[in-house]
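What follows is the content of entry-v2.txt (compact mmCIF, C-alpha atoms).
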# COMPACT_ATOMS: atom_id res chain seq x y z
CA MET A 1 10.07 25.37 -3.62
CA GLU A 2 7.24 23.18 -4.81
CA GLN A 3 8.28 19.97 -6.51
CA PRO A 4 7.07 19.44 -10.09
CA TYR A 5 4.53 16.81 -10.94
CA VAL A 6 6.46 13.77 -12.07
CA TYR A 7 5.48 10.63 -13.91
CA ALA A 8 6.74 7.12 -13.35
CA TYR A 9 7.54 6.53 -16.98
CA PRO A 10 8.23 9.67 -19.05
CA PRO A 11 8.28 9.02 -22.82
CA GLY A 12 11.19 6.80 -23.79
CA THR A 13 12.19 5.88 -20.23
CA GLY A 14 11.48 3.11 -17.75
CA PRO A 15 12.18 -0.61 -18.05
CA SER A 16 10.26 -0.95 -21.31
CA ALA A 17 8.62 2.47 -21.71
CA PRO A 18 5.16 1.04 -20.86
CA PRO A 19 1.92 2.86 -21.59
CA PRO A 20 0.02 4.68 -18.85
CA PRO A 21 -2.19 2.51 -16.62
CA GLN A 22 -5.31 1.42 -18.45
CA GLY A 23 -7.60 2.87 -15.81
CA GLY A 24 -6.59 6.35 -16.96
CA GLY A 25 -4.17 7.25 -14.17
CA VAL A 26 -0.39 7.59 -14.10
CA ALA A 27 2.09 6.10 -11.66
CA GLY A 28 3.39 9.40 -10.38
CA VAL A 29 2.16 11.73 -7.67
CA ILE A 30 -0.88 10.15 -6.05
CA VAL A 31 -0.58 11.27 -2.43
CA ASP A 32 1.98 14.10 -2.42
CA PRO A 33 5.00 15.16 -4.56
CA ARG A 34 7.29 14.85 -1.54
CA PHE A 35 6.83 11.08 -1.67
CA CYS A 36 8.16 10.76 -5.22
CA ALA A 37 11.88 10.37 -5.94
CA PRO A 38 13.69 10.19 -9.31
CA TYR A 39 15.48 7.03 -8.14
CA PRO A 40 14.38 3.67 -6.66
CA VAL A 41 13.34 3.86 -3.01
CA ASP A 42 13.72 0.84 -0.73
CA LEU A 43 11.18 0.74 2.09
CA ALA A 44 12.15 -1.42 5.07
CA ILE A 45 9.11 -2.74 6.91
CA VAL A 46 9.21 -4.08 10.45
CA ARG A 47 6.01 -5.54 11.86
CA LYS A 48 5.85 -6.76 15.43
CA MET A 49 3.96 -10.01 15.84
CA MET A 50 2.38 -8.99 19.15
CA LYS A 51 -0.04 -6.14 18.52
CA LEU A 52 -0.31 -4.20 21.76
CA THR A 53 0.52 -0.58 20.94
CA ASP A 54 0.75 1.90 18.09
CA GLY A 55 3.97 1.71 16.18
CA ASN A 56 3.91 -2.08 15.68
CA PHE A 57 4.04 -1.47 11.92
CA VAL A 58 7.00 0.77 11.06
CA ILE A 59 8.38 1.74 7.64
CA THR A 60 11.89 3.21 7.33
CA ASP A 61 14.39 3.92 4.59
CA VAL A 62 17.53 1.79 4.17
CA ASN A 63 19.37 3.98 6.69
CA GLY A 64 16.77 3.38 9.39
CA ASN A 65 15.16 6.82 9.16
CA LEU A 66 11.47 6.65 10.04
CA LEU A 67 9.25 7.32 7.04
CA PHE A 68 5.85 6.04 8.19
CA LYS A 69 4.13 4.25 11.01
CA VAL A 70 0.61 2.96 11.31
CA LYS A 71 -1.83 4.12 13.95
CA GLU A 72 -3.96 1.09 14.69
CA PRO A 73 -7.39 1.14 16.33
CA VAL A 74 -7.15 -0.11 19.91
CA PHE A 75 -10.84 -0.59 20.59
CA GLY A 76 -14.01 -0.04 18.61
CA LEU A 77 -13.33 1.20 15.09
CA HIS A 78 -11.36 -1.75 13.71
CA ASP A 79 -12.14 -0.68 10.15
CA LYS A 80 -9.80 2.34 10.12
CA ARG A 81 -6.03 2.78 10.14
CA ILE A 82 -4.00 5.98 9.78
CA LEU A 83 -0.64 6.19 8.03
CA LEU A 84 1.52 8.76 9.82
CA ASP A 85 4.72 10.32 8.53
CA GLY A 86 7.96 10.48 10.51
CA SER A 87 6.78 13.55 12.42
CA GLY A 88 3.49 11.92 13.43
CA SER A 89 1.28 13.86 11.01
CA PRO A 90 -1.49 11.91 9.24
CA VAL A 91 -0.73 11.20 5.58
CA LEU A 92 -3.53 8.80 4.70
CA THR A 93 -6.59 7.28 6.35
CA LEU A 94 -7.41 3.71 5.31
CA ARG A 95 -10.99 2.66 5.93
CA GLU A 96 -12.39 -0.78 5.24
CA LYS A 97 -16.01 -0.99 4.13
CA MET A 98 -17.43 -3.62 6.45
CA VAL A 99 -20.22 -4.77 4.10
CA SER A 100 -18.54 -5.55 0.80
CA LEU A 101 -18.44 -8.64 -1.43
CA HIS A 102 -14.83 -8.13 -2.47
CA ASP A 103 -13.43 -6.58 0.72
CA ARG A 104 -13.09 -2.92 -0.24
CA TRP A 105 -10.84 -0.29 1.31
CA GLN A 106 -11.11 3.44 0.73
CA VAL A 107 -8.01 5.60 1.16
CA PHE A 108 -8.40 9.29 2.01
CA ARG A 109 -5.99 12.20 2.19
CA GLY A 110 -4.67 13.09 5.66
CA GLY A 111 -6.94 12.27 8.58
CA SER A 112 -10.15 12.76 6.59
CA THR A 113 -12.85 10.24 5.69
CA GLU A 114 -14.84 12.72 3.59
CA GLN A 115 -15.64 11.64 0.03
CA ARG A 116 -14.08 14.82 -1.35
CA ASP A 117 -10.74 13.64 0.06
CA LEU A 118 -10.97 10.12 -1.40
CA LEU A 119 -7.79 9.31 -3.35
CA TYR A 120 -8.27 5.69 -4.34
CA THR A 121 -10.13 2.47 -3.61
CA VAL A 122 -8.60 -0.99 -3.17
CA LYS A 123 -10.52 -4.26 -3.44
CA ARG A 124 -9.94 -7.97 -3.98
CA SER A 125 -10.16 -8.88 -7.64
CA SER A 126 -12.30 -11.92 -6.68
CA MET A 127 -13.95 -13.30 -3.56
CA LEU A 128 -12.07 -16.62 -3.47
CA GLN A 129 -8.29 -16.38 -3.79
CA PHE A 130 -5.39 -18.76 -3.26
CA LYS A 131 -2.91 -15.93 -3.80
CA THR A 132 -3.29 -12.22 -3.17
CA LYS A 133 -4.89 -10.25 -5.99
CA LEU A 134 -5.96 -6.66 -5.38
CA ASP A 135 -7.22 -4.03 -7.81
CA VAL A 136 -6.66 -0.31 -7.21
CA PHE A 137 -8.93 2.38 -8.66
CA LEU A 138 -8.05 6.08 -8.46
CA SER A 139 -10.91 8.31 -7.33
CA HIS A 140 -11.66 9.66 -10.83
CA ASN A 141 -12.08 6.09 -12.16
CA LYS A 142 -15.75 5.97 -11.30
CA ASP A 143 -16.91 3.00 -13.40
CA GLU A 144 -14.02 0.77 -12.22
CA LYS A 145 -14.07 -1.22 -15.46
CA ARG A 146 -10.28 -1.24 -15.62
CA CYS A 147 -8.01 -0.89 -12.65
CA ASP A 148 -5.27 1.73 -12.37
CA PHE A 149 -2.95 -0.61 -10.46
CA ARG A 150 -2.85 -4.32 -9.59
CA VAL A 151 -1.24 -6.20 -6.72
CA LYS A 152 -0.41 -9.87 -7.28
CA GLY A 153 1.64 -12.49 -5.47
CA SER A 154 1.99 -14.34 -2.20
CA TRP A 155 1.81 -12.28 0.97
CA LEU A 156 2.97 -15.23 3.09
CA GLU A 157 6.15 -15.44 1.02
CA ARG A 158 6.42 -11.63 0.88
CA SER A 159 6.67 -11.79 -2.90
CA CYS A 160 3.89 -9.40 -3.96
CA VAL A 161 4.32 -7.15 -6.99
CA VAL A 162 2.47 -3.91 -7.85
CA TYR A 163 1.74 -3.40 -11.55
CA ALA A 164 0.56 -0.33 -13.46
CA GLY A 165 -2.97 -0.94 -14.71
CA GLU A 166 -3.47 -4.23 -16.50
CA SER A 167 0.01 -4.09 -18.02
CA ASP A 168 3.16 -5.94 -16.99
CA ALA A 169 4.89 -2.70 -15.96
CA ILE A 170 6.13 -3.11 -12.39
CA VAL A 171 6.00 -0.06 -10.08
CA ALA A 172 6.97 -1.78 -6.81
CA GLN A 173 8.17 -5.18 -5.65
CA MET A 174 8.34 -6.88 -2.24
CA HIS A 175 11.28 -8.88 -0.84
CA ARG A 176 11.47 -11.11 2.24
CA ARG A 177 14.25 -10.50 4.78
CA HIS A 178 14.88 -13.23 7.36
CA THR A 179 17.25 -12.68 10.26
CA VAL A 180 17.70 -14.77 13.38
CA GLN A 181 17.39 -11.63 15.49
CA SER A 182 14.08 -10.59 13.93
CA VAL A 183 12.56 -14.04 14.50
CA PHE A 184 13.82 -14.10 18.09
CA LEU A 185 12.35 -10.66 18.78
CA GLY A 186 8.99 -11.61 17.23
CA LYS A 187 9.33 -9.27 14.27
CA ASP A 188 8.52 -9.72 10.61
CA ASN A 189 11.08 -7.94 8.42
CA PHE A 190 10.70 -7.38 4.70
CA SER A 191 11.43 -4.67 2.16
CA VAL A 192 9.68 -3.11 -0.82
CA THR A 193 11.53 -1.58 -3.75
CA VAL A 194 9.55 1.35 -5.17
CA TYR A 195 10.49 2.24 -8.75
CA PRO A 196 11.62 5.78 -9.70
CA ASN A 197 8.96 8.51 -9.66
CA VAL A 198 6.38 6.25 -8.03
CA ASP A 199 4.62 7.64 -4.95
CA TYR A 200 6.02 5.58 -2.07
CA ALA A 201 3.34 6.72 0.38
CA PHE A 202 0.83 5.12 -1.99
CA ILE A 203 2.87 1.91 -2.05
CA ALA A 204 3.19 1.97 1.76
CA SER A 205 -0.60 2.13 2.08
CA LEU A 206 -0.96 -0.94 -0.16
CA VAL A 207 1.44 -2.83 2.12
CA VAL A 208 -0.72 -1.94 5.13
CA ILE A 209 -3.86 -3.15 3.32
CA LEU A 210 -2.09 -6.37 2.29
CA ASP A 211 -1.23 -6.99 5.93
CA ASP A 212 -4.86 -6.42 6.90
CA VAL A 213 -6.11 -8.79 4.18
CA ASN A 214 -3.73 -11.49 5.38
CA ARG A 215 -4.81 -11.11 9.01
CA GLU A 216 -8.49 -11.39 8.03
CA ASP A 217 -7.79 -14.52 5.98
CA ARG A 218 -5.92 -16.14 8.88
CA ASN A 219 -8.69 -15.26 11.34
CA ALA A 220 -11.29 -16.74 8.98
CA SER A 221 -9.40 -20.00 8.51
Exercise: express the given structure as C-alpha cells:
Amino acid sequence: MEQPYVYAYPPGTGPSAPPPPQGGGVAGVIVDPRFCAPYPVDLAIVRKMMKLTDGNFVITDVNGNLLFKVKEPVFGLHDKRILLDGSGSPVLTLREKMVSLHDRWQVFRGGSTEQRDLLYTVKRSSMLQFKTKLDVFLSHNKDEKRCDFRVKGSWLERSCVVYAGESDAIVAQMHRRHTVQSVFLGKDNFSVTVYPNVDYAFIASLVVILDDVNREDRNAS
C-alpha cells in the first residue's frame, strides 16, 4: 500500500509550528515516501579513515540495520558518488560540478544524472568559510533567490544542523560519538537525528556532501 505524502510540520504541530521553507518547498517527501517516518529517526554513521573500498561510509539505524552505504569512485570520475540502500539499489546520485564558484553538487534520483531526474542542488553559501554553510535548492526553485534548506555548523566537531529554508526550524541535527574502539579501528562515528516526517535519505545525502566538502578543504590546506 502506497504511503501518503507527509509533511514535516502539519498545521499546529512541530517544535514551534514553523512556516514552510521560504524557497517554496516542504520538509517532507523529497526522495521517496519510504524514507519518511512519523517519529524521529537516528542515523548512525560510521566512516572508515582509510578509503580503500566501497562501503567505507555506512549509515545504519540505532539497531545496526544497514540503511545506506556510499559507492565511491575508485578511479577516474571523482565527481560522482552513489547512495545505495540496504539492498544495494541506487537511491541517489550525487555529482559535483567541477567548475563552480561556490562548489555545487547536483543530486539525482536513483542512478541517473539526467536533468529530468534532478531533485535538488547543494552549494556553499559563500566561497570563503570558517564554518560549514551550505544552501539547498529543490529542483523547482529555479531562481535560487531563497534556499529551501540550510546547513550550518562545524563539520570537524560534528555539530552541523539542517534548517528549513531561512527559518530557525530544525529538521536534522548531528551529534559526535567518540569511543576508544572506534578511534583504535580508524573509524569516525557520529549520529544524526532526523526530525519526524523529514526524508532521511535526503538528510543522508547532505551528510555525504558535508564529508566531501571537508575532505576538499583539508586537501586544499
Select, from A:Gln106, A:Thr121, A:Thr60, A:Thr93, the residue with the minimum atom-to-atom distance to Asp148 in chain A, counting all atoms listed in the file.
A:Thr121
Fewer than 6 positions away in the same chain doesn't count, so skip those; otherwise give me all residues within 10 Å of Gln115 in chain A, counting all atoms listed in the file, as a PyMOL selection string.
chain A and resi 106-109+139
What separation in Å, quoted to one decimal, exists between CA of Val162 in chain A and CA of Ser87 in chain A?
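Separating CA of Val162 in chain A from CA of Ser87 in chain A is a distance of 27.1 Å.
With distances taken over all atoms listed in the file, A:Glu166 is the one residue among A:Glu72, A:Glu114, A:Asp212, A:Glu166 lying closest to Asp135 in chain A.
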Using all atoms listed in the file for the distances, tell me which of A:Leu94, A:Val194, A:Ile59, A:Val70 is nearest to Ala172 in chain A.
A:Val194
Identify which of the residues A:Asp211, A:Val58, A:Asn197, A:Phe202 lies closest to Val41 in chain A, counting only C-alpha atoms when measuring atom-to-atom distances.
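Ranking A:Asp211, A:Val58, A:Asn197, A:Phe202 by distance to Val41 in chain A, first place goes to A:Asn197.
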Point-to-point distance in Å for CA of Ser191 in chain A and CA of Val62 in chain A:
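If I compute the distance from CA of Val62 in chain A to CA of Ser191 in chain A, I get 9.1 Å.
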